Amino acid sequence: MMNRKNDDVGEFKSKNTVDEVVLHKNAFSCFWDDNLAKCLAPNTSSAVWTNCVNVAMNLSSFANPIGDKLFYTQIDLFNKNTKTENGKLLYLMSGSWVIVTSKILKGQHMFFNYTNE
């Protein structure tokens, strides 16, 4: 999330706050469809909530395993929606093919950056 907030050249460059990043259209799948109600009414007494708040409040003390990557998806979806043309890795994102400029796999998620050019 902080990578997106600090982005100064890509899709999120005009987003200056965490709120703007989180609420950016289609930025996070948890805000799609019926998931929105769950996001707007979290269980604030759960251990998961406590851990999330702790991480958010102490971001600078945690290592950033994804570097400057701004986008992510589940690895199976990434693999299903990629192809290579002319030596370039392409990813089908929101109905358009984009060029993947860098990527890193962490667990079952692919984190990546892209360009439209």
# chains A, B, ... in the order shown; residues from 1 in each chain; ligands from 1
>>> residues_around(residues="region 53-60 of chain A", least_positions_apart="3", cutoff="10 Å", atoms="only C-alpha atoms", output="list in words")
Met1, Met2, Thr44, Ala47, Val48, Trp49, Thr50, Ala63 and Asn64 of chain A
>>> write_last_selection(atoms="N, CA and C atoms", output="PDB file, in the first residue's frame")
ATOM      1  N   MET A   1       0.820  -1.184   0.000  1.00  0.00           N
ATOM      2  CA  MET A   1       0.000   0.000   0.000  1.00  0.00           C
ATOM      3  C   MET A   1       0.869   1.255   0.000  1.00  0.00           C
ATOM      4  N   MET A   2       1.926   1.238   0.782  1.00  0.00           N
ATOM      5  CA  MET A   2       2.787   2.417   0.838  1.00  0.00           C
ATOM      6  C   MET A   2       3.516   2.621  -0.488  1.00  0.00           C
ATOM      7  N   THR A  44     -13.190  -5.627  14.944  1.00  0.00           N
ATOM      8  CA  THR A  44     -12.087  -4.891  15.568  1.00  0.00           C
ATOM      9  C   THR A  44     -11.587  -5.515  16.867  1.00  0.00           C
ATOM     10  N   ALA A  47      -7.829 -10.918  16.579  1.00  0.00           N
ATOM     11  CA  ALA A  47      -6.365 -10.891  16.549  1.00  0.00           C
ATOM     12  C   ALA A  47      -5.865 -10.400  15.190  1.00  0.00           C
ATOM     13  N   VAL A  48      -6.573 -10.745  14.138  1.00  0.00           N
ATOM     14  CA  VAL A  48      -6.182 -10.307  12.793  1.00  0.00           C
ATOM     15  C   VAL A  48      -6.236  -8.783  12.706  1.00  0.00           C
ATOM     16  N   TRP A  49      -7.311  -8.196  13.223  1.00  0.00           N
ATOM     17  CA  TRP A  49      -7.434  -6.734  13.207  1.00  0.00           C
ATOM     18  C   TRP A  49      -6.288  -6.090  13.998  1.00  0.00           C
ATOM     19  N   THR A  50      -6.035  -6.608  15.183  1.00  0.00           N
ATOM     20  CA  THR A  50      -4.969  -6.071  16.021  1.00  0.00           C
ATOM     21  C   THR A  50      -3.627  -6.136  15.297  1.00  0.00           C
ATOM     22  N   ALA A  63      10.448  -5.082   7.101  1.00  0.00           N
ATOM     23  CA  ALA A  63      11.096  -5.199   5.793  1.00  0.00           C
ATOM     24  C   ALA A  63      10.021  -5.192   4.710  1.00  0.00           C
ATOM     25  N   ASN A  64      10.371  -4.670   3.539  1.00  0.00           N
ATOM     26  CA  ASN A  64       9.456  -4.638   2.411  1.00  0.00           C
ATOM     27  C   ASN A  64       9.871  -5.714   1.411  1.00  0.00           C
TER      28      ASN A  64
END
>>> select_by_dssp(residues="chain A", states="helix (DSSP H, G or I)", output="mmCIF file with N, CA and C atoms, in the first residue's frame")
data_model
loop_
_atom_site.group_PDB
_atom_site.id
_atom_site.type_symbol
_atom_site.label_atom_id
_atom_site.label_comp_id
_atom_site.auth_asym_id
_atom_site.auth_seq_id
_atom_site.Cartn_x
_atom_site.Cartn_y
_atom_site.Cartn_z
ATOM 1 N N MET A 2 1.926 1.238 0.782
ATOM 2 C CA MET A 2 2.787 2.417 0.838
ATOM 3 C C MET A 2 3.516 2.621 -0.488
ATOM 4 N N ASN A 3 3.815 1.520 -1.211
ATOM 5 C CA ASN A 3 4.421 1.661 -2.533
ATOM 6 C C ASN A 3 3.504 2.467 -3.433
ATOM 7 N N ARG A 4 2.233 2.192 -3.357
ATOM 8 C CA ARG A 4 1.261 2.913 -4.187
ATOM 9 C C ARG A 4 1.138 4.367 -3.729
ATOM 10 N N LYS A 5 1.098 4.579 -2.441
ATOM 11 C CA LYS A 5 0.999 5.951 -1.928
ATOM 12 C C LYS A 5 2.212 6.777 -2.343
ATOM 13 N N VAL A 18 -3.154 7.291 2.260
ATOM 14 C CA VAL A 18 -3.509 5.880 2.294
ATOM 15 C C VAL A 18 -4.975 5.716 1.916
ATOM 16 N N ASP A 19 -5.843 6.596 2.399
ATOM 17 C CA ASP A 19 -7.267 6.526 2.061
ATOM 18 C C ASP A 19 -7.479 6.581 0.556
ATOM 19 N N GLU A 20 -6.792 7.502 -0.115
ATOM 20 C CA GLU A 20 -6.947 7.634 -1.569
ATOM 21 C C GLU A 20 -6.487 6.373 -2.290
ATOM 22 N N VAL A 21 -5.417 5.772 -1.815
ATOM 23 C CA VAL A 21 -4.917 4.543 -2.419
ATOM 24 C C VAL A 21 -5.914 3.409 -2.207
ATOM 25 N N VAL A 22 -6.364 3.225 -0.988
ATOM 26 C CA VAL A 22 -7.276 2.135 -0.661
ATOM 27 C C VAL A 22 -8.589 2.263 -1.428
ATOM 28 N N LEU A 23 -9.082 3.467 -1.578
ATOM 29 C CA LEU A 23 -10.372 3.673 -2.229
ATOM 30 C C LEU A 23 -10.273 3.866 -3.743
ATOM 31 N N SER A 29 -9.197 -5.961 -4.352
ATOM 32 C CA SER A 29 -10.342 -6.828 -4.625
ATOM 33 C C SER A 29 -11.303 -6.938 -3.449
ATOM 34 N N CYS A 30 -10.837 -6.665 -2.249
ATOM 35 C CA CYS A 30 -11.741 -6.772 -1.090
ATOM 36 C C CYS A 30 -12.865 -5.733 -1.149
ATOM 37 N N PHE A 31 -12.719 -4.729 -2.005
ATOM 38 C CA PHE A 31 -13.756 -3.719 -2.128
ATOM 39 C C PHE A 31 -14.738 -4.007 -3.255
ATOM 40 N N ASN A 35 -17.842 -8.170 -0.935
ATOM 41 C CA ASN A 35 -16.744 -8.032 0.026
ATOM 42 C C ASN A 35 -16.730 -6.661 0.691
ATOM 43 N N LEU A 36 -17.304 -5.656 0.036
ATOM 44 C CA LEU A 36 -17.280 -4.304 0.578
ATOM 45 C C LEU A 36 -17.926 -4.234 1.961
ATOM 46 N N ALA A 37 -19.045 -4.901 2.138
ATOM 47 C CA ALA A 37 -19.729 -4.875 3.437
ATOM 48 C C ALA A 37 -18.821 -5.409 4.543
ATOM 49 N N LYS A 38 -18.061 -6.456 4.234
ATOM 50 C CA LYS A 38 -17.133 -7.024 5.225
ATOM 51 C C LYS A 38 -16.020 -6.029 5.553
ATOM 52 N N CYS A 39 -15.540 -5.336 4.538
ATOM 53 C CA CYS A 39 -14.454 -4.359 4.748
ATOM 54 C C CYS A 39 -14.915 -3.182 5.592
ATOM 55 N N LEU A 40 -16.150 -2.795 5.413
ATOM 56 C CA LEU A 40 -16.670 -1.634 6.132
ATOM 57 C C LEU A 40 -17.117 -1.959 7.552
ATOM 58 N N ALA A 47 -7.829 -10.918 16.579
ATOM 59 C CA ALA A 47 -6.365 -10.891 16.549
ATOM 60 C C ALA A 47 -5.865 -10.400 15.190
ATOM 61 N N VAL A 48 -6.573 -10.745 14.138
ATOM 62 C CA VAL A 48 -6.182 -10.307 12.793
ATOM 63 C C VAL A 48 -6.236 -8.783 12.706
ATOM 64 N N TRP A 49 -7.311 -8.196 13.223
ATOM 65 C CA TRP A 49 -7.434 -6.734 13.207
ATOM 66 C C TRP A 49 -6.288 -6.090 13.998
ATOM 67 N N THR A 50 -6.035 -6.608 15.183
ATOM 68 C CA THR A 50 -4.969 -6.071 16.021
ATOM 69 C C THR A 50 -3.627 -6.136 15.297
ATOM 70 N N ASN A 51 -3.362 -7.243 14.637
ATOM 71 C CA ASN A 51 -2.107 -7.397 13.898
ATOM 72 C C ASN A 51 -2.034 -6.405 12.734
ATOM 73 N N CYS A 52 -3.121 -6.247 11.999
ATOM 74 C CA CYS A 52 -3.146 -5.303 10.874
ATOM 75 C C CYS A 52 -2.898 -3.868 11.335
ATOM 76 N N VAL A 53 -3.516 -3.488 12.419
ATOM 77 C CA VAL A 53 -3.322 -2.140 12.953
ATOM 78 C C VAL A 53 -1.870 -1.954 13.387
ATOM 79 N N ASN A 54 -1.313 -2.967 14.041
ATOM 80 C CA ASN A 54 0.082 -2.900 14.471
ATOM 81 C C ASN A 54 1.020 -2.719 13.278
ATOM 82 N N VAL A 55 0.805 -3.488 12.237
ATOM 83 C CA VAL A 55 1.644 -3.365 11.036
ATOM 84 C C VAL A 55 1.500 -1.966 10.440
ATOM 85 N N ALA A 56 0.269 -1.492 10.305
ATOM 86 C CA ALA A 56 0.034 -0.174 9.715
ATOM 87 C C ALA A 56 0.708 0.942 10.518
ATOM 88 N N MET A 57 0.695 0.809 11.827
ATOM 89 C CA MET A 57 1.265 1.853 12.677
ATOM 90 C C MET A 57 2.797 1.788 12.726
ATOM 91 N N LEU A 59 4.963 0.551 10.044
ATOM 92 C CA LEU A 59 5.458 0.131 8.736
ATOM 93 C C LEU A 59 6.966 0.280 8.586
ATOM 94 N N SER A 60 7.509 1.326 9.108
ATOM 95 C CA SER A 60 8.939 1.567 8.904
ATOM 96 C C SER A 60 9.817 0.538 9.613
ATOM 97 N N SER A 61 9.276 -0.216 10.539
ATOM 98 C CA SER A 61 10.079 -1.213 11.236
ATOM 99 C C SER A 61 10.007 -2.592 10.581
ATOM 100 N N ILE A 75 -1.062 -16.169 -8.049
ATOM 101 C CA ILE A 75 -0.159 -16.706 -9.066
ATOM 102 C C ILE A 75 -0.885 -17.449 -10.181
ATOM 103 N N ASP A 76 -1.928 -18.219 -9.855
ATOM 104 C CA ASP A 76 -2.654 -18.939 -10.907
ATOM 105 C C ASP A 76 -3.320 -17.971 -11.875
ATOM 106 N N LEU A 77 -3.869 -16.868 -11.368
ATOM 107 C CA LEU A 77 -4.482 -15.863 -12.242
ATOM 108 C C LEU A 77 -3.422 -15.162 -13.079
ATOM 109 N N PHE A 78 -2.296 -14.887 -12.475
ATOM 110 C CA PHE A 78 -1.210 -14.249 -13.227
ATOM 111 C C PHE A 78 -0.785 -15.148 -14.383
ATOM 112 N N ASN A 79 -0.558 -16.412 -14.088
ATOM 113 C CA ASN A 79 -0.123 -17.344 -15.134
ATOM 114 C C ASN A 79 -1.177 -17.521 -16.219
ATOM 115 N N LYS A 80 -2.430 -17.555 -15.827
ATOM 116 C CA LYS A 80 -3.536 -17.717 -16.791
ATOM 117 C C LYS A 80 -3.648 -16.506 -17.718
#
>>> closest_residue(among="A:Phe62, A:Asn81, A:Asp8, A:Phe112", to="Ser94 (chain A)", atoms="only C-alpha atoms")
A:Asn81
>>> closest_residue(among="A:Phe12, A:Phe111, A:Tyr72, A:Tyr91", to="Phe28 (chain A)", atoms="only C-alpha atoms")
A:Tyr72
>>> residues_around(residues="Gln74 (chain A)", least_positions_apart="5", cutoff="7 Å", atoms="only C-alpha atoms", output="list in words")
Gln108, His109 and Met110 of chain A
>>> write_last_selection(atoms="N, CA, C and O atoms", output="PDB file, in the first residue's frame")
ATOM      1  N   GLN A 108       1.946 -17.412  -2.803  1.00  0.00           N
ATOM      2  CA  GLN A 108       1.041 -17.671  -3.919  1.00  0.00           C
ATOM      3  C   GLN A 108       0.625 -16.395  -4.637  1.00  0.00           C
ATOM      4  O   GLN A 108      -0.375 -16.380  -5.352  1.00  0.00           O
ATOM      5  N   HIS A 109       1.373 -15.310  -4.446  1.00  0.00           N
ATOM      6  CA  HIS A 109       1.040 -14.024  -5.077  1.00  0.00           C
ATOM      7  C   HIS A 109       2.196 -13.503  -5.916  1.00  0.00           C
ATOM      8  O   HIS A 109       3.348 -13.568  -5.505  1.00  0.00           O
ATOM      9  N   MET A 110       1.827 -12.997  -7.097  1.00  0.00           N
ATOM     10  CA  MET A 110       2.806 -12.363  -7.966  1.00  0.00           C
ATOM     11  C   MET A 110       2.645 -10.856  -7.817  1.00  0.00           C
ATOM     12  O   MET A 110       1.554 -10.316  -8.014  1.00  0.00           O
TER      13      MET A 110
END
>>> atom_distance(atom1="CA of Leu70 (chain A)", atom2="CA of Lys83 (chain A)")
20.0 Å
>>> closest_residue(among="A:Lys103, A:Pro42, A:Asp7, A:Phe71", to="Asn26 (chain A)", atoms="only C-alpha atoms")
A:Phe71
>>> residues_around(residues="region 97-99 of chain A", least_positions_apart="3", cutoff="9 Å", atoms="only C-alpha atoms", output="PyMOL selection string")
chain A and resi 82+88-94+113-117
>>> write_last_selection(atoms="N, CA and C atoms", output="compact mmCIF listing (two decimals), in the first residue's frame")
# COMPACT_ATOMS: atom_id res chain seq x y z
N THR A 82 -1.17 -14.29 -18.71
CA THR A 82 0.08 -13.78 -19.27
C THR A 82 0.41 -14.51 -20.57
N LYS A 88 8.66 -9.95 -24.77
CA LYS A 88 8.08 -9.17 -23.66
C LYS A 88 6.97 -9.97 -22.99
N LEU A 89 6.96 -9.93 -21.66
CA LEU A 89 5.91 -10.58 -20.90
C LEU A 89 4.71 -9.65 -20.83
N LEU A 90 3.56 -10.13 -21.30
CA LEU A 90 2.33 -9.33 -21.30
C LEU A 90 1.35 -9.91 -20.30
N TYR A 91 0.58 -9.04 -19.67
CA TYR A 91 -0.43 -9.45 -18.70
C TYR A 91 -1.75 -8.79 -19.07
N LEU A 92 -2.81 -9.56 -19.07
CA LEU A 92 -4.14 -9.04 -19.38
C LEU A 92 -4.72 -8.40 -18.13
N MET A 93 -4.75 -7.07 -18.13
CA MET A 93 -5.19 -6.33 -16.94
C MET A 93 -6.36 -5.44 -17.32
N SER A 94 -7.50 -5.69 -16.70
CA SER A 94 -8.72 -4.90 -16.95
C SER A 94 -9.06 -4.85 -18.43
N ASN A 113 5.08 -4.71 -11.64
CA ASN A 113 4.87 -3.38 -12.21
C ASN A 113 4.66 -3.55 -13.70
N TYR A 114 4.04 -2.58 -14.32
CA TYR A 114 3.79 -2.68 -15.75
C TYR A 114 3.81 -1.30 -16.40
N THR A 115 3.85 -1.32 -17.72
CA THR A 115 3.72 -0.11 -18.51
C THR A 115 2.75 -0.40 -19.65
N ASN A 116 2.11 0.64 -20.16
CA ASN A 116 1.20 0.49 -21.29
C ASN A 116 1.92 0.58 -22.61
N GLU A 117 3.18 1.00 -22.59
CA GLU A 117 3.93 1.25 -23.82
C GLU A 117 4.55 0.02 -24.39
>>> closest_residue(among="A:Thr101, A:Lys69, A:Ala27, A:Ser45", to="Asn6 (chain A)", atoms="only C-alpha atoms")
A:Lys69
>>> closest_residue(among="A:Asp68, A:Gly10, A:Glu85, A:Thr17", to="Ser102 (chain A)", atoms="only C-alpha atoms")
A:Asp68
>>> select_by_dssp(residues="chain A", states="strand (DSSP E)", output="JSON, numbers by chain")
{"A": [71, 72, 73, 74, 82, 83, 84, 85, 88, 89, 90, 91, 92, 93, 96, 97, 98, 99, 100, 101, 102, 103, 104, 105, 106, 109, 110, 111, 112, 113, 114, 115]}
>>> residues_around(residues="Pro65 (chain A)", least_positions_apart="5", cutoff="10 Å", atoms="only C-alpha atoms", output="list of chain:residue names")
A:Ile104, A:Leu105, A:Lys106, A:Phe111
>>> atom_distance(atom1="CA of Gly95 (chain A)", atom2="CA of Ile66 (chain A)")
24.9 Å
>>> decode(residues="region 5-49 of chain A", atoms="N, CA and C atoms", output="compact mmCIF listing (two decimals), in the first residue's frame")
# COMPACT_ATOMS: atom_id res chain seq x y z
N LYS A 5 1.10 4.58 -2.44
CA LYS A 5 1.00 5.95 -1.93
C LYS A 5 2.21 6.78 -2.34
N ASN A 6 3.38 6.16 -2.36
CA ASN A 6 4.61 6.87 -2.69
C ASN A 6 4.93 6.88 -4.19
N ASP A 7 4.09 6.27 -5.01
CA ASP A 7 4.30 6.22 -6.46
C ASP A 7 4.26 7.63 -7.04
N ASP A 8 5.25 7.97 -7.85
CA ASP A 8 5.25 9.31 -8.44
C ASP A 8 5.28 9.30 -9.97
N VAL A 9 5.15 8.12 -10.58
CA VAL A 9 5.15 8.07 -12.05
C VAL A 9 4.02 7.24 -12.64
N GLY A 10 3.39 6.39 -11.89
CA GLY A 10 2.40 5.47 -12.43
C GLY A 10 0.96 5.84 -12.11
N GLU A 11 0.16 4.82 -12.11
CA GLU A 11 -1.29 4.96 -11.94
C GLU A 11 -1.69 5.65 -10.63
N PHE A 12 -0.87 5.50 -9.61
CA PHE A 12 -1.21 6.03 -8.29
C PHE A 12 -0.53 7.36 -7.97
N LYS A 13 0.13 7.97 -8.95
CA LYS A 13 0.95 9.17 -8.68
C LYS A 13 0.17 10.33 -8.08
N SER A 14 -1.13 10.40 -8.32
CA SER A 14 -1.92 11.50 -7.77
C SER A 14 -2.55 11.16 -6.42
N LYS A 15 -2.25 9.97 -5.90
CA LYS A 15 -2.81 9.54 -4.62
C LYS A 15 -1.81 9.89 -3.52
N ASN A 16 -2.19 10.79 -2.64
CA ASN A 16 -1.27 11.28 -1.62
C ASN A 16 -1.52 10.73 -0.22
N THR A 17 -2.64 10.02 -0.04
CA THR A 17 -2.94 9.48 1.28
C THR A 17 -3.26 7.99 1.16
N VAL A 18 -3.15 7.29 2.26
CA VAL A 18 -3.51 5.88 2.29
C VAL A 18 -4.97 5.72 1.92
N ASP A 19 -5.84 6.60 2.40
CA ASP A 19 -7.27 6.53 2.06
C ASP A 19 -7.48 6.58 0.56
N GLU A 20 -6.79 7.50 -0.12
CA GLU A 20 -6.95 7.63 -1.57
C GLU A 20 -6.49 6.37 -2.29
N VAL A 21 -5.42 5.77 -1.81
CA VAL A 21 -4.92 4.54 -2.42
C VAL A 21 -5.91 3.41 -2.21
N VAL A 22 -6.36 3.22 -0.99
CA VAL A 22 -7.28 2.13 -0.66
C VAL A 22 -8.59 2.26 -1.43
N LEU A 23 -9.08 3.47 -1.58
CA LEU A 23 -10.37 3.67 -2.23
C LEU A 23 -10.27 3.87 -3.74
N HIS A 24 -9.07 3.83 -4.30
CA HIS A 24 -8.89 3.94 -5.75
C HIS A 24 -9.64 2.81 -6.44
N LYS A 25 -10.42 3.14 -7.47
CA LYS A 25 -11.26 2.15 -8.14
C LYS A 25 -10.45 0.91 -8.55
N ASN A 26 -10.95 -0.24 -8.14
CA ASN A 26 -10.36 -1.55 -8.46
C ASN A 26 -8.96 -1.78 -7.90
N ALA A 27 -8.52 -0.96 -6.97
CA ALA A 27 -7.18 -1.12 -6.41
C ALA A 27 -7.07 -2.38 -5.54
N PHE A 28 -8.11 -2.69 -4.83
CA PHE A 28 -8.09 -3.85 -3.94
C PHE A 28 -9.36 -4.67 -4.11
N SER A 29 -9.20 -5.96 -4.35
CA SER A 29 -10.34 -6.83 -4.62
C SER A 29 -11.30 -6.94 -3.45
N CYS A 30 -10.84 -6.66 -2.25
CA CYS A 30 -11.74 -6.77 -1.09
C CYS A 30 -12.87 -5.73 -1.15
N PHE A 31 -12.72 -4.73 -2.00
CA PHE A 31 -13.76 -3.72 -2.13
C PHE A 31 -14.74 -4.01 -3.26
N TRP A 32 -14.59 -5.16 -3.90
CA TRP A 32 -15.48 -5.52 -5.00
C TRP A 32 -16.69 -6.27 -4.46
N ASP A 33 -17.81 -6.07 -5.09
CA ASP A 33 -19.03 -6.85 -4.87
C ASP A 33 -19.41 -6.93 -3.40
N ASP A 34 -19.71 -8.15 -2.94
CA ASP A 34 -20.19 -8.33 -1.56
C ASP A 34 -19.09 -8.23 -0.52
N ASN A 35 -17.84 -8.17 -0.93
CA ASN A 35 -16.74 -8.03 0.03
C ASN A 35 -16.73 -6.66 0.69
N LEU A 36 -17.30 -5.66 0.04
CA LEU A 36 -17.28 -4.30 0.58
C LEU A 36 -17.93 -4.23 1.96
N ALA A 37 -19.04 -4.90 2.14
CA ALA A 37 -19.73 -4.87 3.44
C ALA A 37 -18.82 -5.41 4.54
N LYS A 38 -18.06 -6.46 4.23
CA LYS A 38 -17.13 -7.02 5.22
C LYS A 38 -16.02 -6.03 5.55
N CYS A 39 -15.54 -5.34 4.54
CA CYS A 39 -14.45 -4.36 4.75
C CYS A 39 -14.91 -3.18 5.59
N LEU A 40 -16.15 -2.80 5.41
CA LEU A 40 -16.67 -1.63 6.13
C LEU A 40 -17.12 -1.96 7.55
N ALA A 41 -17.15 -3.24 7.90
CA ALA A 41 -17.55 -3.65 9.24
C ALA A 41 -16.59 -4.71 9.77
N PRO A 42 -15.32 -4.35 9.95
CA PRO A 42 -14.34 -5.35 10.42
C PRO A 42 -14.58 -5.74 11.87
N ASN A 43 -14.12 -6.91 12.23
CA ASN A 43 -14.18 -7.37 13.61
C ASN A 43 -12.98 -6.77 14.33
N THR A 44 -13.19 -5.63 14.94
CA THR A 44 -12.09 -4.89 15.57
C THR A 44 -11.59 -5.52 16.87
N SER A 45 -12.21 -6.58 17.32
CA SER A 45 -11.72 -7.27 18.52
C SER A 45 -10.93 -8.52 18.16
N SER A 46 -10.76 -8.80 16.87
CA SER A 46 -10.06 -10.01 16.45
C SER A 46 -8.54 -9.81 16.49
N ALA A 47 -7.83 -10.92 16.58
CA ALA A 47 -6.37 -10.89 16.55
C ALA A 47 -5.86 -10.40 15.19
N VAL A 48 -6.57 -10.75 14.14
CA VAL A 48 -6.18 -10.31 12.79
C VAL A 48 -6.24 -8.78 12.71
N TRP A 49 -7.31 -8.20 13.22
CA TRP A 49 -7.43 -6.73 13.21
C TRP A 49 -6.29 -6.09 14.00
